[in-house]
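Participant: entry01.txt is reproduced in full below (compact mmCIF, C-alpha atoms).
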```txt
# COMPACT_ATOMS: atom_id res chain seq x y z
CA MET E 1 0.00 0.00 0.00
CA ALA E 2 1.29 3.44 -0.86
CA THR E 3 2.45 5.64 2.02
CA LYS E 4 0.12 8.55 2.60
CA ARG E 5 1.73 11.98 2.20
CA ASN E 6 1.11 15.01 4.42
CA ALA E 7 -2.13 16.62 3.18
CA LEU E 8 -1.45 20.00 4.75
CA GLY E 9 0.78 21.47 2.06
CA ARG E 10 -0.12 24.13 -0.49
CA GLY E 11 -1.98 23.58 -3.76
CA LEU E 12 -3.84 20.69 -5.32
CA GLY E 13 -0.78 18.46 -5.66
CA SER E 14 -0.36 18.30 -1.89
CA LEU E 15 -4.07 18.15 -1.07
CA ILE E 16 -4.19 14.41 -0.51
CA SER E 17 -2.41 11.24 -1.51
CA MET E 18 -3.31 10.48 -5.11
CA ASP E 19 -1.52 7.10 -5.07
CA ASP E 20 -3.68 4.23 -6.26
CA VAL E 21 -4.47 1.45 -3.85
CA PRO E 22 -5.40 -1.54 -6.05
CA ALA E 23 -8.61 -3.26 -5.03
CA ARG E 24 -7.91 -6.29 -7.17
CA GLY E 25 -4.47 -7.37 -8.35
CA SER E 26 -1.97 -4.64 -9.11
CA SER E 27 -3.85 -2.71 -11.77
CA ALA E 28 -4.15 1.09 -11.30
CA ILE E 29 -7.68 0.95 -12.71
CA ASN E 30 -10.00 -1.53 -11.02
CA ASP E 31 -13.30 -3.04 -12.16
CA ILE E 32 -15.71 -2.47 -9.26
CA GLU E 33 -19.23 -3.89 -9.03
CA LEU E 34 -21.93 -1.19 -8.82
CA SER E 35 -23.57 -3.07 -5.94
CA GLN E 36 -20.43 -2.43 -3.87
CA ILE E 37 -20.48 1.35 -4.47
CA SER E 38 -22.39 3.96 -2.49
CA PRO E 39 -22.65 7.73 -3.17
CA ASN E 40 -20.94 10.28 -0.96
CA PRO E 41 -23.60 11.82 1.35
CA ASP E 42 -21.53 15.02 1.45
CA GLN E 43 -21.34 15.30 -2.34
CA PRO E 44 -21.24 19.05 -3.16
CA ARG E 45 -23.42 18.58 -6.21
CA THR E 46 -27.07 18.37 -5.17
CA THR E 47 -28.91 18.51 -8.52
CA PHE E 48 -28.63 16.10 -11.43
CA ASP E 49 -30.31 16.87 -14.74
CA GLU E 50 -32.31 13.74 -15.67
CA GLU E 51 -32.24 14.50 -19.40
CA ALA E 52 -28.46 14.89 -19.32
CA LEU E 53 -28.20 11.65 -17.34
CA ASP E 54 -30.25 9.86 -19.99
CA GLU E 55 -27.92 11.19 -22.70
CA LEU E 56 -24.86 10.06 -20.74
CA SER E 57 -26.47 6.68 -20.13
CA SER E 58 -27.02 6.21 -23.88
CA SER E 59 -23.39 7.17 -24.53
CA ILE E 60 -22.20 4.68 -21.90
CA LYS E 61 -24.26 1.93 -23.52
CA GLU E 62 -22.45 2.60 -26.81
CA LEU E 63 -18.93 3.48 -25.68
CA GLY E 64 -18.65 2.46 -22.05
CA ILE E 65 -17.25 4.69 -19.31
CA ILE E 66 -14.24 6.56 -20.68
CA GLN E 67 -13.14 8.29 -17.47
CA PRO E 68 -12.92 5.99 -14.41
CA LEU E 69 -14.63 6.93 -11.16
CA SER E 70 -12.58 7.80 -8.07
CA LEU E 71 -13.54 5.77 -4.99
CA ARG E 72 -12.31 5.17 -1.46
CA GLN E 73 -12.60 1.80 0.26
CA THR E 74 -14.85 1.89 3.33
CA GLY E 75 -14.85 -1.82 4.16
CA PRO E 76 -14.51 -5.31 2.65
CA ASN E 77 -15.95 -5.04 -0.86
CA ALA E 78 -17.44 -1.64 -0.01
CA TYR E 79 -16.55 1.66 -1.68
CA GLN E 80 -17.72 5.27 -1.53
CA ILE E 81 -17.66 7.73 -4.43
CA ILE E 82 -15.11 10.53 -4.29
CA ALA E 83 -15.73 11.74 -7.83
CA GLY E 84 -18.01 10.45 -10.56
CA GLU E 85 -21.51 10.18 -9.07
CA ARG E 86 -23.02 11.36 -12.35
CA ARG E 87 -21.21 8.54 -14.20
CA TYR E 88 -22.32 6.11 -11.46
CA ARG E 89 -25.98 7.11 -11.85
CA ALA E 90 -25.79 6.91 -15.65
CA ALA E 91 -24.13 3.47 -15.43
CA LEU E 92 -27.04 2.24 -13.30
CA LYS E 93 -29.48 3.60 -15.90
CA ALA E 94 -27.48 1.87 -18.64
CA GLY E 95 -27.76 -1.48 -16.85
CA LEU E 96 -24.05 -1.92 -16.18
CA THR E 97 -23.01 -4.22 -13.35
CA SER E 98 -19.51 -2.80 -12.83
CA VAL E 99 -17.48 0.31 -13.61
CA PRO E 100 -13.77 1.16 -13.94
CA ALA E 101 -12.44 3.05 -10.93
CA TYR E 102 -9.37 4.34 -9.14
CA ILE E 103 -9.19 3.51 -5.44
CA ARG E 104 -7.83 6.46 -3.46
CA THR E 105 -6.96 7.04 0.19
CA ALA E 106 -8.89 9.91 1.77
CA ASN E 107 -10.33 10.87 5.14
CA ASP E 108 -13.71 12.61 5.49
CA THR E 109 -12.29 16.12 5.08
CA GLU E 110 -10.25 15.15 2.06
CA LEU E 111 -13.22 13.31 0.56
CA THR E 112 -15.33 16.48 0.57
CA GLU E 113 -12.44 18.57 -0.76
CA MET E 114 -11.69 16.15 -3.59
CA ALA E 115 -15.34 15.98 -4.64
CA LEU E 116 -15.51 19.78 -4.59
CA ILE E 117 -12.35 20.22 -6.65
CA GLU E 118 -13.35 17.59 -9.21
CA ASN E 119 -16.74 19.22 -9.74
CA ILE E 120 -15.29 22.74 -9.96
CA GLN E 121 -12.71 21.63 -12.50
CA ARG E 122 -15.47 20.03 -14.58
CA GLU E 123 -17.69 23.10 -14.05
CA ASP E 124 -20.45 20.78 -12.80
CA LEU E 125 -21.43 22.80 -9.72
CA ASN E 126 -23.62 25.86 -9.63
CA ALA E 127 -22.48 28.88 -7.61
CA ILE E 128 -24.69 28.13 -4.60
CA GLU E 129 -23.50 24.52 -4.36
CA ILE E 130 -19.90 25.78 -4.34
CA ALA E 131 -20.69 28.41 -1.71
CA LEU E 132 -22.44 25.89 0.57
CA THR E 133 -19.54 23.46 0.29
CA PHE E 134 -17.02 26.17 1.11
CA LYS E 135 -19.10 27.08 4.18
CA LYS E 136 -19.37 23.46 5.26
CA LEU E 137 -15.61 22.94 5.03
CA ILE E 138 -14.95 26.12 7.01
CA ASP E 139 -17.55 25.38 9.72
CA GLN E 140 -17.13 21.63 10.06
CA TYR E 141 -13.32 21.57 10.04
CA ASN E 142 -12.69 24.95 11.68
CA LEU E 143 -10.81 26.39 8.69
CA THR E 144 -10.17 30.04 7.92
CA GLN E 145 -10.77 31.32 4.41
CA GLU E 146 -7.00 31.61 3.99
CA ARG E 147 -6.48 28.00 5.11
CA LEU E 148 -9.20 26.74 2.78
CA SER E 149 -7.60 28.75 -0.01
CA GLU E 150 -4.34 26.88 0.55
CA ARG E 151 -6.00 23.47 0.64
CA ILE E 152 -8.07 23.73 -2.53
CA GLY E 153 -5.88 26.04 -4.61
CA LYS E 154 -8.42 28.86 -4.94
CA LYS E 155 -7.74 32.52 -4.15
CA ARG E 156 -9.10 33.70 -0.79
CA ALA E 157 -10.99 36.51 -2.56
CA THR E 158 -12.73 33.92 -4.75
CA ILE E 159 -13.83 31.96 -1.69
CA ALA E 160 -15.05 35.16 0.00
CA ASN E 161 -17.07 36.13 -3.09
CA PHE E 162 -18.83 32.75 -3.14
CA LEU E 163 -19.57 32.88 0.60
CA ARG E 164 -21.15 36.34 0.21
CA LEU E 165 -23.77 34.78 -2.09
CA LEU E 166 -25.25 33.05 0.95
CA LYS E 167 -26.22 36.48 2.33
CA LEU E 168 -28.66 37.03 -0.54
CA PRO E 169 -32.40 36.35 -0.03
CA ALA E 170 -33.35 32.70 -0.42
CA GLU E 171 -35.33 33.40 -3.61
CA VAL E 172 -32.27 34.97 -5.24
CA GLN E 173 -30.10 32.02 -4.16
CA LEU E 174 -32.59 29.63 -5.77
CA GLY E 175 -32.51 31.70 -8.96
CA LEU E 176 -28.73 31.54 -8.98
CA ARG E 177 -28.83 27.80 -8.37
CA ASP E 178 -31.29 27.33 -11.24
CA LYS E 179 -29.24 29.67 -13.48
CA LEU E 180 -32.02 32.22 -13.86
CA VAL E 181 -29.32 34.78 -13.05
CA ASP E 182 -25.54 34.49 -13.04
CA MET E 183 -22.71 35.47 -10.72
CA GLY E 184 -22.44 38.93 -12.28
CA HIS E 185 -26.06 39.69 -11.43
CA ALA E 186 -25.59 38.34 -7.91
CA ARG E 187 -22.47 40.40 -7.22
CA ALA E 188 -24.33 43.52 -8.35
CA LEU E 189 -27.23 42.74 -6.03
CA LEU E 190 -24.82 42.37 -3.11
CA THR E 191 -23.88 46.06 -3.42
CA ILE E 192 -27.40 46.84 -2.12
CA ASP E 193 -27.67 46.68 1.68
CA LYS E 194 -31.42 46.06 2.05
CA PRO E 195 -32.62 42.49 1.24
CA SER E 196 -36.03 43.85 0.20
CA LEU E 197 -34.40 46.01 -2.47
CA GLN E 198 -32.16 43.14 -3.55
CA LEU E 199 -35.28 41.04 -4.09
CA LYS E 200 -37.06 43.89 -5.90
CA LEU E 201 -34.20 44.30 -8.37
CA TYR E 202 -33.91 40.52 -8.75
CA ASN E 203 -37.54 40.39 -9.87
CA GLU E 204 -36.85 43.22 -12.35
CA ILE E 205 -33.99 41.12 -13.79
CA LEU E 206 -36.35 38.20 -14.35
CA LYS E 207 -39.11 40.41 -15.72
CA HIS E 208 -37.01 42.39 -18.20
CA GLY E 209 -34.01 40.12 -18.85
CA LEU E 210 -31.60 42.83 -17.66
CA SER E 211 -27.91 42.58 -18.49
CA VAL E 212 -25.25 42.54 -15.76
CA ARG E 213 -24.14 46.05 -16.71
CA LYS E 214 -27.70 47.36 -16.45
CA VAL E 215 -28.13 45.70 -13.05
CA GLU E 216 -24.88 47.26 -11.83
CA GLU E 217 -26.21 50.69 -12.80
CA LEU E 218 -29.57 50.07 -11.15
CA ALA E 219 -27.96 48.63 -8.01
CA LYS E 220 -26.07 51.90 -7.49
CA ALA E 221 -29.32 53.83 -7.93
CA TYR E 222 -31.18 51.51 -5.53
CA GLN E 223 -28.47 51.82 -2.88
CA LYS E 224 -28.35 55.61 -3.25
CA ALA E 225 -32.14 55.81 -2.91
CA ALA E 226 -31.99 53.66 0.23
CA GLU E 227 -29.35 55.91 1.78
CA GLU E 228 -31.36 59.05 0.93
CA GLY E 229 -34.67 57.55 2.03
CA THR E 230 -36.25 57.89 -1.41
CA LYS E 231 -37.91 55.34 -3.67
CA PRO E 232 -35.70 53.64 -6.30
CA ALA E 233 -36.38 54.53 -9.90
CA VAL E 234 -38.86 52.36 -11.74
CA VAL E 235 -37.25 50.16 -14.37
CA ALA E 236 -38.58 51.21 -17.76
CA LYS E 237 -40.15 48.34 -19.59
CA PRO E 238 -38.20 47.73 -22.82
CA LYS E 239 -40.10 47.89 -26.06
CA TYR E 240 -38.95 44.37 -26.85
CA THR E 241 -38.19 41.67 -24.28
CA SER E 242 -35.78 38.76 -24.50
CA LYS E 243 -38.81 36.54 -25.14
CA ASP E 244 -39.69 38.68 -28.17
CA PHE E 245 -36.14 38.28 -29.47
CA ASP E 246 -36.28 34.49 -29.02
CA ILE E 247 -39.53 34.33 -31.00
CA LEU E 248 -38.05 36.50 -33.76
CA LYS E 249 -34.91 34.35 -33.90
CA LYS E 250 -36.94 31.14 -34.24
CA HIS E 251 -39.19 32.72 -36.87
CA LEU E 252 -36.26 33.93 -39.00
CA SER E 253 -34.39 30.62 -38.64
CA SER E 254 -37.47 28.77 -39.84
CA ALA E 255 -38.20 31.15 -42.69
CA PHE E 256 -34.62 31.18 -44.02
CA LYS E 257 -33.87 27.55 -43.10
CA THR E 258 -30.59 28.46 -41.39
CA GLN E 259 -29.60 29.06 -37.77
CA VAL E 260 -30.01 32.83 -37.55
CA SER E 261 -28.18 34.53 -34.65
CA PHE E 262 -29.52 37.65 -33.02
CA SER E 263 -28.09 40.14 -30.51
CA CYS E 264 -29.37 43.38 -29.03
CA ASP E 265 -28.03 45.64 -26.27
CA ASN E 266 -29.94 47.75 -23.74
CA ASN E 267 -30.05 50.70 -26.12
CA GLY E 268 -31.81 48.68 -28.82
CA LYS E 269 -28.69 48.39 -30.96
CA GLY E 270 -27.83 44.99 -32.37
CA LYS E 271 -27.41 42.76 -35.38
CA ILE E 272 -28.95 39.78 -37.13
CA THR E 273 -26.62 37.25 -38.73
CA PHE E 274 -27.54 34.80 -41.49
CA PRO E 275 -24.79 32.15 -41.72
CA PHE E 276 -24.04 30.17 -44.90
CA LYS E 277 -21.62 27.32 -45.56
CA ASN E 278 -20.95 27.82 -49.26
CA GLU E 279 -21.84 29.89 -52.32
CA ASP E 280 -24.92 27.79 -53.04
CA GLU E 281 -26.37 28.61 -49.60
CA LEU E 282 -25.50 32.28 -50.10
CA GLU E 283 -27.31 32.26 -53.43
CA ARG E 284 -30.34 30.68 -51.76
CA LEU E 285 -30.43 33.44 -49.12
CA ILE E 286 -30.07 36.15 -51.76
CA THR E 287 -32.97 34.64 -53.68
CA ILE E 288 -35.15 34.77 -50.56
CA PHE E 289 -34.23 38.42 -49.96
CA ASP E 290 -34.97 39.26 -53.59
CA THR E 291 -38.37 37.62 -53.23
CA LEU E 292 -39.12 39.71 -50.14
CA LYS E 293 -38.40 42.94 -52.04
CA GLN E 294 -41.02 42.17 -54.66
```
Please express what this file holds, its structure, as structure tokens.
Facilitator:
Amino acid sequence: MATKRNALGRGLGSLISMDDVPARGSSAINDIELSQISPNPDQPRTTFDEEALDELSSSIKELGIIQPLSLRQTGPNAYQIIAGERRYRAALKAGLTSVPAYIRTANDTELTEMALIENIQREDLNAIEIALTFKKLIDQYNLTQERLSERIGKKRATIANFLRLLKLPAEVQLGLRDKLVDMGHARALLTIDKPSLQLKLYNEILKHGLSVRKVEELAKAYQKAAEEGTKPAVVAKPKYTSKDFDILKKHLSSAFKTQVSFSCDNNGKGKITFPFKNEDELERLITIFDTLKQ
């Protein structure tokens, strides 16, 4: 068995021992029965898209699992997932009885950290899941933000920015989790002190499809109004909404039989692009335009 290295050094390389501990024979990659594997209850990722799982399951049926799971042994013929729960779930859907896996050594703290890092690197976690995992590591293992920064290889400011998201109203956090808004919107909302005004502007974002830049401008106005004891300015309803633009894009794509792209800024300035692959497609588009002029 490989000797475990000190896990208290800096950066990902020193986070935990990455030496393989073969479960069967001396192979670095082991074939582990699915019945012997259990998910990690502290898995940072809390939501799994069923449609995406079905797609992955179909791929696994055709090609198998390309990237092995990472597991730790918890007992005789018993393993817990460190990284790869999505692949594990898809393998179950695909009817597999075993999966390829690396067997790693990791304690409970390291298990959570490894799962977090693997998901962040694969961009599988939403911002709230990352923030909650950071908070859990700090609270459960009595870590400072600086210490956590050293252990997972992320800047302390990055960790602080994620943790601040947990100060937003619950409805905004859910919107961030469900990707109704992004980190840029959330950071702008955090510049407003009053939760009620944060929620008011959040609803304006959903209603009007406001850009991050527009929200930053409005957040300053909302905060100024709060400090002066006045009402924040009413967000002017745009002549066209993002839903209108989506309908127009679909209509044009259908009419011209090509994937039309469409962009428009807050001032109503934008462009419509009609792509073509060759001269024949260009000629077809020109013919359609000529017909429209008649």
Participant: My list of candidates is E:Ile32, E:Ala160, E:Ile37, E:Ile130. Which is closest to E:Leu176 when distances are computed with all atoms listed in the file?
Facilitator: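 Looking only at the distances to E:Leu176, the closest residue turns out to be E:Ile130.
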Participant: Please measure the separation of atom CA of E:Lys179 and atom CA of E:Glu129, giving the value in Å to one decimal.
Facilitator: 11.9 Å
Participant: Considering all atoms listed in the file, return as a list in words whatever protein or nucleic-acid residues lie within 6 Å of E:Pro100, sequence-local ones (same chain, fewer than 3 positions apart) excluded.
Facilitator: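 Selected residues are Asn30, Asp31 and Pro68 of chain E.
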Participant: Interatomic distance between atom CA of E:Tyr102 and atom CA of E:Ile29?
Facilitator: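 So the answer is 5.2 Å.
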Participant: When you look at E:Leu190 with a cut-off of 9 Å (counting all atoms listed in the file), what residues show up, excluding the ones that are within fewer than 3 positions of it in the same chain? I need them as a list in words.
Facilitator: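 Near E:Leu190, the qualifying residues are Arg164, Leu165, Lys167, Leu168, His185, Ala186, Arg187, Asp193, Pro195, Gln198 and Ala219 of chain E.
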Participant: Point out the residue among E:Thr191, E:Ser35, E:Thr105, E:Asn126 with the least atom-to-atom distance to E:Phe48, counting all atoms listed in the file.
Facilitator: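 Ranked by minimum distance to E:Phe48, first place goes to E:Asn126.
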Participant: Tell me which of E:Leu132, E:Ala127, E:Leu143, E:Phe274 sits closest to E:Gly184, counting only C-alpha atoms.
Facilitator: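 Looking only at the distances to E:Gly184, the closest residue turns out to be E:Ala127.
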Participant: May I ask which of the residues E:Asp42, E:Ile82, E:Ile66, E:Lys277 is the closest one to E:Gln140, counting all atoms listed in the file?
Facilitator: E:Asp42
Participant: Write only C-alpha atoms for stretch 27-143 of chain E from the block just shown, as a compact mmCIF listing (two decimals), in the first residue's frame.
Facilitator:
```
# COMPACT_ATOMS: atom_id res chain seq x y z
CA SER E 27 -3.85 -2.71 -11.77
CA ALA E 28 -4.15 1.09 -11.30
CA ILE E 29 -7.68 0.95 -12.71
CA ASN E 30 -10.00 -1.53 -11.02
CA ASP E 31 -13.30 -3.04 -12.16
CA ILE E 32 -15.71 -2.47 -9.26
CA GLU E 33 -19.23 -3.89 -9.03
CA LEU E 34 -21.93 -1.19 -8.82
CA SER E 35 -23.57 -3.07 -5.94
CA GLN E 36 -20.43 -2.43 -3.87
CA ILE E 37 -20.48 1.35 -4.47
CA SER E 38 -22.39 3.96 -2.49
CA PRO E 39 -22.65 7.73 -3.17
CA ASN E 40 -20.94 10.28 -0.96
CA PRO E 41 -23.60 11.82 1.35
CA ASP E 42 -21.53 15.02 1.45
CA GLN E 43 -21.34 15.30 -2.34
CA PRO E 44 -21.24 19.05 -3.16
CA ARG E 45 -23.42 18.58 -6.21
CA THR E 46 -27.07 18.37 -5.17
CA THR E 47 -28.91 18.51 -8.52
CA PHE E 48 -28.63 16.10 -11.43
CA ASP E 49 -30.31 16.87 -14.74
CA GLU E 50 -32.31 13.74 -15.67
CA GLU E 51 -32.24 14.50 -19.40
CA ALA E 52 -28.46 14.89 -19.32
CA LEU E 53 -28.20 11.65 -17.34
CA ASP E 54 -30.25 9.86 -19.99
CA GLU E 55 -27.92 11.19 -22.70
CA LEU E 56 -24.86 10.06 -20.74
CA SER E 57 -26.47 6.68 -20.13
CA SER E 58 -27.02 6.21 -23.88
CA SER E 59 -23.39 7.17 -24.53
CA ILE E 60 -22.20 4.68 -21.90
CA LYS E 61 -24.26 1.93 -23.52
CA GLU E 62 -22.45 2.60 -26.81
CA LEU E 63 -18.93 3.48 -25.68
CA GLY E 64 -18.65 2.46 -22.05
CA ILE E 65 -17.25 4.69 -19.31
CA ILE E 66 -14.24 6.56 -20.68
CA GLN E 67 -13.14 8.29 -17.47
CA PRO E 68 -12.92 5.99 -14.41
CA LEU E 69 -14.63 6.93 -11.16
CA SER E 70 -12.58 7.80 -8.07
CA LEU E 71 -13.54 5.77 -4.99
CA ARG E 72 -12.31 5.17 -1.46
CA GLN E 73 -12.60 1.80 0.26
CA THR E 74 -14.85 1.89 3.33
CA GLY E 75 -14.85 -1.82 4.16
CA PRO E 76 -14.51 -5.31 2.65
CA ASN E 77 -15.95 -5.04 -0.86
CA ALA E 78 -17.44 -1.64 -0.01
CA TYR E 79 -16.55 1.66 -1.68
CA GLN E 80 -17.72 5.27 -1.53
CA ILE E 81 -17.66 7.73 -4.43
CA ILE E 82 -15.11 10.53 -4.29
CA ALA E 83 -15.73 11.74 -7.83
CA GLY E 84 -18.01 10.45 -10.56
CA GLU E 85 -21.51 10.18 -9.07
CA ARG E 86 -23.02 11.36 -12.35
CA ARG E 87 -21.21 8.54 -14.20
CA TYR E 88 -22.32 6.11 -11.46
CA ARG E 89 -25.98 7.11 -11.85
CA ALA E 90 -25.79 6.91 -15.65
CA ALA E 91 -24.13 3.47 -15.43
CA LEU E 92 -27.04 2.24 -13.30
CA LYS E 93 -29.48 3.60 -15.90
CA ALA E 94 -27.48 1.87 -18.64
CA GLY E 95 -27.76 -1.48 -16.85
CA LEU E 96 -24.05 -1.92 -16.18
CA THR E 97 -23.01 -4.22 -13.35
CA SER E 98 -19.51 -2.80 -12.83
CA VAL E 99 -17.48 0.31 -13.61
CA PRO E 100 -13.77 1.16 -13.94
CA ALA E 101 -12.44 3.05 -10.93
CA TYR E 102 -9.37 4.34 -9.14
CA ILE E 103 -9.19 3.51 -5.44
CA ARG E 104 -7.83 6.46 -3.46
CA THR E 105 -6.96 7.04 0.19
CA ALA E 106 -8.89 9.91 1.77
CA ASN E 107 -10.33 10.87 5.14
CA ASP E 108 -13.71 12.61 5.49
CA THR E 109 -12.29 16.12 5.08
CA GLU E 110 -10.25 15.15 2.06
CA LEU E 111 -13.22 13.31 0.56
CA THR E 112 -15.33 16.48 0.57
CA GLU E 113 -12.44 18.57 -0.76
CA MET E 114 -11.69 16.15 -3.59
CA ALA E 115 -15.34 15.98 -4.64
CA LEU E 116 -15.51 19.78 -4.59
CA ILE E 117 -12.35 20.22 -6.65
CA GLU E 118 -13.35 17.59 -9.21
CA ASN E 119 -16.74 19.22 -9.74
CA ILE E 120 -15.29 22.74 -9.96
CA GLN E 121 -12.71 21.63 -12.50
CA ARG E 122 -15.47 20.03 -14.58
CA GLU E 123 -17.69 23.10 -14.05
CA ASP E 124 -20.45 20.78 -12.80
CA LEU E 125 -21.43 22.80 -9.72
CA ASN E 126 -23.62 25.86 -9.63
CA ALA E 127 -22.48 28.88 -7.61
CA ILE E 128 -24.69 28.13 -4.60
CA GLU E 129 -23.50 24.52 -4.36
CA ILE E 130 -19.90 25.78 -4.34
CA ALA E 131 -20.69 28.41 -1.71
CA LEU E 132 -22.44 25.89 0.57
CA THR E 133 -19.54 23.46 0.29
CA PHE E 134 -17.02 26.17 1.11
CA LYS E 135 -19.10 27.08 4.18
CA LYS E 136 -19.37 23.46 5.26
CA LEU E 137 -15.61 22.94 5.03
CA ILE E 138 -14.95 26.12 7.01
CA ASP E 139 -17.55 25.38 9.72
CA GLN E 140 -17.13 21.63 10.06
CA TYR E 141 -13.32 21.57 10.04
CA ASN E 142 -12.69 24.95 11.68
CA LEU E 143 -10.81 26.39 8.69
```
